[in-house]
>>> print(open('protein_22.cif').read())   # mmCIF, N, CA and C atoms
data_protein
#
loop_
_atom_site.label_atom_id
_atom_site.label_comp_id
_atom_site.auth_asym_id
_atom_site.auth_seq_id
_atom_site.Cartn_x
_atom_site.Cartn_y
_atom_site.Cartn_z
N MET A 14 87.32 48.99 80.42
CA MET A 14 87.37 47.71 81.10
C MET A 14 86.10 47.54 81.92
N LYS A 15 85.40 46.47 81.72
CA LYS A 15 84.17 46.18 82.45
C LYS A 15 84.51 45.50 83.76
N MET A 16 84.02 46.09 84.85
CA MET A 16 84.26 45.49 86.16
C MET A 16 83.16 44.48 86.46
N GLU A 17 83.45 43.63 87.40
CA GLU A 17 82.47 42.65 87.88
C GLU A 17 81.27 43.39 88.47
N ASP A 18 80.09 42.84 88.31
CA ASP A 18 78.90 43.42 88.91
C ASP A 18 78.97 43.22 90.43
N LEU A 19 78.98 44.31 91.17
CA LEU A 19 79.12 44.25 92.62
C LEU A 19 77.80 44.42 93.36
N THR A 20 76.72 44.52 92.65
CA THR A 20 75.42 44.72 93.27
C THR A 20 75.13 43.65 94.30
N GLY A 21 74.73 44.09 95.49
CA GLY A 21 74.37 43.16 96.55
C GLY A 21 75.53 42.65 97.39
N ARG A 22 76.74 43.05 97.06
CA ARG A 22 77.90 42.64 97.85
C ARG A 22 78.00 43.48 99.11
N VAL A 23 78.82 43.01 100.04
CA VAL A 23 79.05 43.71 101.31
C VAL A 23 80.54 43.96 101.46
N ALA A 24 80.89 45.22 101.75
CA ALA A 24 82.30 45.58 101.95
C ALA A 24 82.49 46.23 103.31
N VAL A 25 83.57 45.88 103.98
CA VAL A 25 84.01 46.57 105.19
C VAL A 25 85.18 47.46 104.77
N ILE A 26 85.08 48.74 105.10
CA ILE A 26 86.13 49.69 104.75
C ILE A 26 86.68 50.29 106.04
N THR A 27 87.94 49.98 106.34
CA THR A 27 88.57 50.61 107.51
C THR A 27 89.17 51.94 107.06
N GLY A 28 89.26 52.87 108.00
CA GLY A 28 89.74 54.20 107.65
C GLY A 28 88.76 54.92 106.76
N ALA A 29 87.47 54.66 106.96
CA ALA A 29 86.43 55.16 106.06
C ALA A 29 86.00 56.60 106.34
N SER A 30 86.52 57.21 107.38
CA SER A 30 86.01 58.54 107.75
C SER A 30 86.57 59.68 106.90
N SER A 31 87.60 59.40 106.08
CA SER A 31 88.15 60.46 105.23
C SER A 31 89.05 59.86 104.15
N GLY A 32 89.49 60.69 103.25
CA GLY A 32 90.49 60.31 102.25
C GLY A 32 90.08 59.16 101.36
N ILE A 33 91.02 58.25 101.16
CA ILE A 33 90.82 57.12 100.26
C ILE A 33 89.67 56.24 100.73
N GLY A 34 89.56 56.02 102.05
CA GLY A 34 88.46 55.19 102.56
C GLY A 34 87.10 55.78 102.26
N GLU A 35 86.97 57.09 102.46
CA GLU A 35 85.71 57.76 102.15
C GLU A 35 85.40 57.68 100.65
N ALA A 36 86.41 57.94 99.83
CA ALA A 36 86.22 57.89 98.38
C ALA A 36 85.82 56.48 97.93
N ALA A 37 86.47 55.47 98.50
CA ALA A 37 86.13 54.08 98.15
C ALA A 37 84.69 53.78 98.53
N ALA A 38 84.27 54.24 99.70
CA ALA A 38 82.89 54.01 100.14
C ALA A 38 81.90 54.61 99.15
N ARG A 39 82.16 55.83 98.73
CA ARG A 39 81.26 56.49 97.77
C ARG A 39 81.18 55.71 96.46
N LEU A 40 82.33 55.28 95.95
CA LEU A 40 82.35 54.53 94.69
C LEU A 40 81.67 53.18 94.82
N LEU A 41 81.92 52.48 95.92
CA LEU A 41 81.31 51.17 96.10
C LEU A 41 79.79 51.27 96.23
N VAL A 42 79.30 52.28 96.92
CA VAL A 42 77.85 52.47 97.03
C VAL A 42 77.26 52.73 95.64
N GLU A 43 77.94 53.51 94.83
CA GLU A 43 77.48 53.76 93.46
C GLU A 43 77.39 52.46 92.66
N GLU A 44 78.24 51.49 93.00
CA GLU A 44 78.24 50.19 92.31
C GLU A 44 77.25 49.20 92.92
N GLY A 45 76.47 49.64 93.92
CA GLY A 45 75.45 48.77 94.50
C GLY A 45 75.91 47.96 95.70
N VAL A 46 77.07 48.29 96.25
CA VAL A 46 77.62 47.56 97.39
C VAL A 46 77.09 48.16 98.69
N SER A 47 76.75 47.32 99.64
CA SER A 47 76.47 47.79 101.01
C SER A 47 77.81 47.92 101.70
N VAL A 48 78.06 49.09 102.31
CA VAL A 48 79.37 49.33 102.93
C VAL A 48 79.24 49.47 104.44
N VAL A 49 80.18 48.86 105.13
CA VAL A 49 80.32 49.02 106.57
C VAL A 49 81.51 49.94 106.76
N LEU A 50 81.24 51.13 107.26
CA LEU A 50 82.26 52.16 107.43
C LEU A 50 82.86 52.03 108.82
N ALA A 51 84.14 51.74 108.88
CA ALA A 51 84.82 51.53 110.16
C ALA A 51 85.95 52.55 110.30
N ALA A 52 85.92 53.28 111.40
CA ALA A 52 86.97 54.26 111.71
C ALA A 52 86.76 54.73 113.15
N ARG A 53 87.70 55.53 113.64
CA ARG A 53 87.61 56.02 115.02
C ARG A 53 86.76 57.28 115.13
N ARG A 54 86.66 58.06 114.06
CA ARG A 54 85.98 59.36 114.13
C ARG A 54 84.49 59.20 113.85
N LYS A 55 83.74 58.94 114.90
CA LYS A 55 82.31 58.65 114.79
C LYS A 55 81.53 59.78 114.13
N ASP A 56 81.86 61.02 114.46
CA ASP A 56 81.12 62.14 113.88
C ASP A 56 81.24 62.14 112.36
N ARG A 57 82.42 61.86 111.83
CA ARG A 57 82.61 61.81 110.38
C ARG A 57 81.92 60.59 109.77
N LEU A 58 81.99 59.47 110.48
CA LEU A 58 81.30 58.27 110.00
C LEU A 58 79.80 58.51 109.91
N ASP A 59 79.23 59.12 110.93
CA ASP A 59 77.79 59.38 110.94
C ASP A 59 77.39 60.30 109.80
N LYS A 60 78.19 61.32 109.54
CA LYS A 60 77.90 62.26 108.44
C LYS A 60 77.95 61.54 107.10
N LEU A 61 78.97 60.73 106.90
CA LEU A 61 79.10 60.00 105.64
C LEU A 61 77.97 58.99 105.48
N THR A 62 77.62 58.31 106.55
CA THR A 62 76.51 57.34 106.50
C THR A 62 75.22 58.03 106.08
N GLU A 63 74.98 59.20 106.63
CA GLU A 63 73.78 59.96 106.28
C GLU A 63 73.80 60.33 104.79
N GLU A 64 74.96 60.74 104.30
CA GLU A 64 75.08 61.11 102.89
C GLU A 64 74.88 59.91 101.96
N LEU A 65 75.39 58.75 102.35
CA LEU A 65 75.33 57.58 101.49
C LEU A 65 73.99 56.84 101.54
N GLY A 66 73.23 57.05 102.60
CA GLY A 66 71.90 56.45 102.69
C GLY A 66 71.91 55.03 103.22
N ASP A 67 70.87 54.28 102.84
CA ASP A 67 70.65 52.97 103.44
C ASP A 67 71.65 51.89 103.02
N LYS A 68 72.55 52.19 102.12
CA LYS A 68 73.60 51.24 101.73
C LYS A 68 74.82 51.33 102.65
N ALA A 69 74.79 52.25 103.63
CA ALA A 69 75.95 52.44 104.50
C ALA A 69 75.59 52.27 105.96
N VAL A 70 76.49 51.63 106.69
CA VAL A 70 76.37 51.43 108.13
C VAL A 70 77.69 51.86 108.76
N ALA A 71 77.63 52.65 109.82
CA ALA A 71 78.84 53.10 110.50
C ALA A 71 79.06 52.28 111.77
N ILE A 72 80.29 51.82 111.95
CA ILE A 72 80.66 51.12 113.18
C ILE A 72 81.98 51.73 113.65
N GLU A 73 81.92 52.49 114.72
CA GLU A 73 83.12 53.11 115.26
C GLU A 73 84.09 52.00 115.68
N THR A 74 85.30 52.03 115.11
CA THR A 74 86.27 50.95 115.33
C THR A 74 87.68 51.50 115.31
N ASP A 75 88.47 51.11 116.30
CA ASP A 75 89.90 51.39 116.29
C ASP A 75 90.57 50.08 115.88
N VAL A 76 91.10 50.02 114.65
CA VAL A 76 91.66 48.76 114.17
C VAL A 76 92.96 48.39 114.88
N GLY A 77 93.48 49.28 115.71
CA GLY A 77 94.63 48.94 116.53
C GLY A 77 94.25 48.15 117.76
N ASP A 78 92.95 47.96 117.96
CA ASP A 78 92.41 47.25 119.13
C ASP A 78 91.77 45.95 118.63
N LEU A 79 92.42 44.83 118.89
CA LEU A 79 91.95 43.54 118.39
C LEU A 79 90.52 43.23 118.82
N SER A 80 90.15 43.57 120.06
CA SER A 80 88.78 43.28 120.49
C SER A 80 87.77 44.13 119.72
N ALA A 81 88.14 45.35 119.36
CA ALA A 81 87.25 46.20 118.56
C ALA A 81 87.06 45.62 117.16
N VAL A 82 88.13 45.06 116.60
CA VAL A 82 88.04 44.44 115.27
C VAL A 82 87.16 43.20 115.33
N ARG A 83 87.30 42.41 116.39
CA ARG A 83 86.43 41.24 116.56
C ARG A 83 84.97 41.66 116.64
N THR A 84 84.70 42.72 117.39
CA THR A 84 83.34 43.23 117.51
C THR A 84 82.82 43.69 116.14
N LEU A 85 83.67 44.37 115.38
CA LEU A 85 83.30 44.80 114.03
C LEU A 85 82.85 43.61 113.19
N PHE A 86 83.68 42.57 113.14
CA PHE A 86 83.33 41.41 112.32
C PHE A 86 82.09 40.69 112.85
N ASP A 87 81.93 40.63 114.17
CA ASP A 87 80.72 40.02 114.74
C ASP A 87 79.47 40.78 114.29
N ARG A 88 79.55 42.09 114.31
CA ARG A 88 78.39 42.91 113.91
C ARG A 88 78.10 42.77 112.42
N VAL A 89 79.15 42.67 111.61
CA VAL A 89 78.96 42.47 110.17
C VAL A 89 78.27 41.13 109.93
N LYS A 90 78.71 40.11 110.63
CA LYS A 90 78.10 38.78 110.45
C LYS A 90 76.64 38.80 110.89
N GLU A 91 76.35 39.46 112.02
CA GLU A 91 74.96 39.53 112.50
C GLU A 91 74.06 40.24 111.50
N ARG A 92 74.53 41.35 110.96
CA ARG A 92 73.69 42.17 110.10
C ARG A 92 73.59 41.65 108.67
N PHE A 93 74.73 41.19 108.11
CA PHE A 93 74.78 40.84 106.69
C PHE A 93 75.04 39.36 106.43
N GLY A 94 75.39 38.61 107.46
CA GLY A 94 75.72 37.20 107.26
C GLY A 94 77.15 36.98 106.81
N GLY A 95 77.91 38.06 106.65
CA GLY A 95 79.30 37.96 106.22
C GLY A 95 79.68 39.13 105.34
N LEU A 96 80.88 39.07 104.80
CA LEU A 96 81.35 40.15 103.92
C LEU A 96 81.97 39.56 102.67
N ASP A 97 82.00 40.38 101.63
CA ASP A 97 82.58 39.96 100.36
C ASP A 97 83.91 40.65 100.09
N LEU A 98 84.12 41.80 100.72
CA LEU A 98 85.31 42.59 100.45
C LEU A 98 85.78 43.28 101.72
N LEU A 99 87.06 43.14 102.03
CA LEU A 99 87.67 43.88 103.13
C LEU A 99 88.64 44.89 102.52
N PHE A 100 88.31 46.17 102.64
CA PHE A 100 89.15 47.25 102.14
C PHE A 100 89.92 47.76 103.36
N ASN A 101 91.08 47.17 103.63
CA ASN A 101 91.86 47.42 104.83
C ASN A 101 92.72 48.67 104.61
N ASN A 102 92.12 49.84 104.84
CA ASN A 102 92.70 51.11 104.45
C ASN A 102 93.21 51.96 105.62
N ALA A 103 92.84 51.62 106.84
CA ALA A 103 93.19 52.47 107.98
C ALA A 103 94.70 52.61 108.10
N GLY A 104 95.12 53.79 108.49
CA GLY A 104 96.55 54.03 108.66
C GLY A 104 96.77 55.31 109.45
N MET A 105 98.02 55.64 109.63
CA MET A 105 98.36 56.86 110.36
C MET A 105 99.64 57.42 109.78
N GLY A 106 99.80 58.72 109.94
CA GLY A 106 101.00 59.37 109.45
C GLY A 106 102.02 59.56 110.55
N ILE A 107 103.25 59.67 110.14
CA ILE A 107 104.33 59.98 111.07
C ILE A 107 104.91 61.30 110.60
N ASN A 108 104.78 62.32 111.42
CA ASN A 108 105.23 63.65 111.04
C ASN A 108 106.65 63.92 111.50
N GLY A 109 107.39 64.61 110.68
CA GLY A 109 108.75 65.00 111.01
C GLY A 109 109.68 64.71 109.85
N PRO A 110 110.88 65.23 109.92
CA PRO A 110 111.85 64.99 108.85
C PRO A 110 112.17 63.50 108.72
N PHE A 111 112.19 63.03 107.51
CA PHE A 111 112.46 61.62 107.25
C PHE A 111 113.79 61.19 107.85
N ALA A 112 114.79 62.05 107.72
CA ALA A 112 116.13 61.71 108.21
C ALA A 112 116.16 61.50 109.72
N ASP A 113 115.19 62.09 110.43
CA ASP A 113 115.15 61.97 111.89
C ASP A 113 114.26 60.83 112.36
N THR A 114 113.66 60.09 111.44
CA THR A 114 112.71 59.04 111.79
C THR A 114 113.43 57.74 112.15
N ASP A 115 113.07 57.20 113.29
CA ASP A 115 113.57 55.89 113.71
C ASP A 115 112.85 54.83 112.88
N PRO A 116 113.55 53.96 112.18
CA PRO A 116 112.90 52.95 111.34
C PRO A 116 111.88 52.10 112.10
N GLY A 117 112.09 51.88 113.37
CA GLY A 117 111.15 51.07 114.15
C GLY A 117 109.85 51.78 114.45
N THR A 118 109.84 53.11 114.40
CA THR A 118 108.63 53.87 114.72
C THR A 118 107.49 53.54 113.77
N GLY A 119 107.76 53.55 112.49
CA GLY A 119 106.72 53.24 111.51
C GLY A 119 106.19 51.84 111.70
N ARG A 120 107.09 50.91 111.94
CA ARG A 120 106.67 49.53 112.15
C ARG A 120 105.81 49.40 113.39
N ARG A 121 106.20 50.05 114.49
CA ARG A 121 105.41 49.96 115.73
C ARG A 121 104.03 50.59 115.56
N ARG A 122 103.95 51.66 114.79
CA ARG A 122 102.66 52.32 114.60
C ARG A 122 101.77 51.61 113.61
N SER A 123 102.35 51.00 112.60
CA SER A 123 101.52 50.38 111.57
C SER A 123 101.19 48.92 111.86
N THR A 124 101.98 48.24 112.65
CA THR A 124 101.74 46.83 112.91
C THR A 124 100.36 46.55 113.49
N PRO A 125 99.89 47.31 114.50
CA PRO A 125 98.54 47.00 115.00
C PRO A 125 97.48 47.15 113.92
N THR A 126 97.61 48.16 113.08
CA THR A 126 96.64 48.37 112.01
C THR A 126 96.62 47.19 111.06
N CYS A 127 97.78 46.74 110.67
CA CYS A 127 97.86 45.64 109.70
C CYS A 127 97.48 44.30 110.30
N THR A 128 97.90 44.07 111.53
CA THR A 128 97.68 42.74 112.09
C THR A 128 96.31 42.55 112.71
N ALA A 129 95.67 43.62 113.14
CA ALA A 129 94.36 43.45 113.80
C ALA A 129 93.37 42.76 112.88
N CYS A 130 93.30 43.18 111.64
CA CYS A 130 92.35 42.56 110.73
C CYS A 130 92.81 41.18 110.28
N SER A 131 94.11 40.99 110.18
CA SER A 131 94.59 39.71 109.68
C SER A 131 94.72 38.65 110.77
N THR A 132 94.79 39.06 112.05
CA THR A 132 94.93 38.06 113.11
C THR A 132 93.64 37.84 113.88
N ALA A 133 92.64 38.66 113.60
CA ALA A 133 91.34 38.42 114.22
C ALA A 133 90.82 37.09 113.67
N PRO A 134 89.84 36.52 114.36
CA PRO A 134 89.26 35.32 113.77
C PRO A 134 88.88 35.63 112.34
N THR A 135 88.96 34.67 111.49
CA THR A 135 88.71 34.90 110.07
C THR A 135 87.47 35.75 109.89
N PRO A 136 87.61 36.83 109.12
CA PRO A 136 86.43 37.65 108.87
C PRO A 136 85.32 36.77 108.28
N PRO A 137 84.10 37.06 108.61
CA PRO A 137 82.98 36.22 108.17
C PRO A 137 82.71 36.42 106.69
N CYS A 138 83.57 35.88 105.84
CA CYS A 138 83.41 36.04 104.39
C CYS A 138 82.23 35.22 103.90
N ARG A 139 81.58 35.74 102.89
CA ARG A 139 80.43 35.04 102.30
C ARG A 139 80.85 34.31 101.06
#
>>> encode(input="protein_22.cif", output="structure tokens")
Amino acid sequence: MKMEDLTGRVAVITGASSGIGEAAARLLVEEGVSVVLAARRKDRLDKLTEELGDKAVAIETDVGDLSAVRTLFDRVKERFGGLDLLFNNAGMGINGPFADTDPGTGRRRSTPTCTACSTAPTPPCR
């Protein structure tokens, strides 16, 4: 299957410091995409940015903090004029036996992650 040519596009990847976010960043850079790596772990972001080269920019961001998400989008707009792809990947785990988990716990922990990007002023899409 032939994918769309992504050369010259801009992607914001939340949760980019490890796992799926890191893997997505690597693949998108290989496809010619400029990636904005957003996560809380600055040391990991900086290391990944160095590995990926000039197609990657790191912006330390806690997506559970609406003002931090606004700052992220402002910086993306300033640097790139907007974005073409939002890879909203940030998340957190809940450790412990499933049977002991309060159903509201997952919702309380994941809601800020999901809503911060969707309730911020519209991301500066190009």
>>> closest_residue(input="protein_22.cif", among="A:Thr27, A:Thr74, A:Ala69, A:Ala36", to="Leu99 in chain A", atoms="only C-alpha atoms")
A:Thr27
>>> atom_distance(input="protein_22.cif", atom1="CA of Gly95 in chain A", atom2="CA of Gly77 in chain A")
21.5 Å
>>> residues_around(input="protein_22.cif", residues="Val25 in chain A", least_positions_apart="2", cutoff="6.5 Å", atoms="all atoms listed in the file", output="list in words")
Val23, Thr27, Val48, Val49, Leu50, Ala51, Leu96, Asp97, Leu98, Leu99, Phe100 and Asn101 of chain A
>>> resolve_selection(input="protein_22.cif", expression="the PyMOL selection byres ((chain A and resi 47) around 8)", output="list in words")
Leu19, Thr20, Gly21, Arg22, Val23, Ala24, Val25, Leu41, Val42, Glu43, Glu44, Gly45, Val46, Val48, Val49, Leu50, Asp67, Lys68, Ala69 and Val70 of chain A
>>> atom_distance(input="protein_22.cif", atom1="CA of Ile26 in chain A", atom2="CA of Ala52 in chain A")
8.4 Å
>>> closest_residue(input="protein_22.cif", among="A:Gly32, A:Ala112, A:Val76, A:Ala71", to="Asp56 in chain A", atoms="only C-alpha atoms")
A:Ala71
>>> closest_residue(input="protein_22.cif", among="A:Leu65, A:Asn102, A:Ile72, A:Leu58", to="Arg88 in chain A", atoms="only C-alpha atoms")
A:Ile72
>>> atom_distance(input="protein_22.cif", atom1="atom C of Asp75 in chain A", atom2="atom N of Ala29 in chain A")
10.5 Å
>>> closest_residue(input="protein_22.cif", among="A:Arg53, A:Leu61, A:Ala103, A:Leu40", to="Glu73 in chain A", atoms="only N, CA and C atoms")
A:Arg53
>>> axis_aligned_box(input="protein_22.cif", around="range 69-88 of chain A", padding_each_side="6 Å", output="AutoDock Vina command-line options")
--center_x 84.7 --center_y 46.6 --center_z 112.1 --size_x 31.8 --size_y 25.1 --size_z 28.9
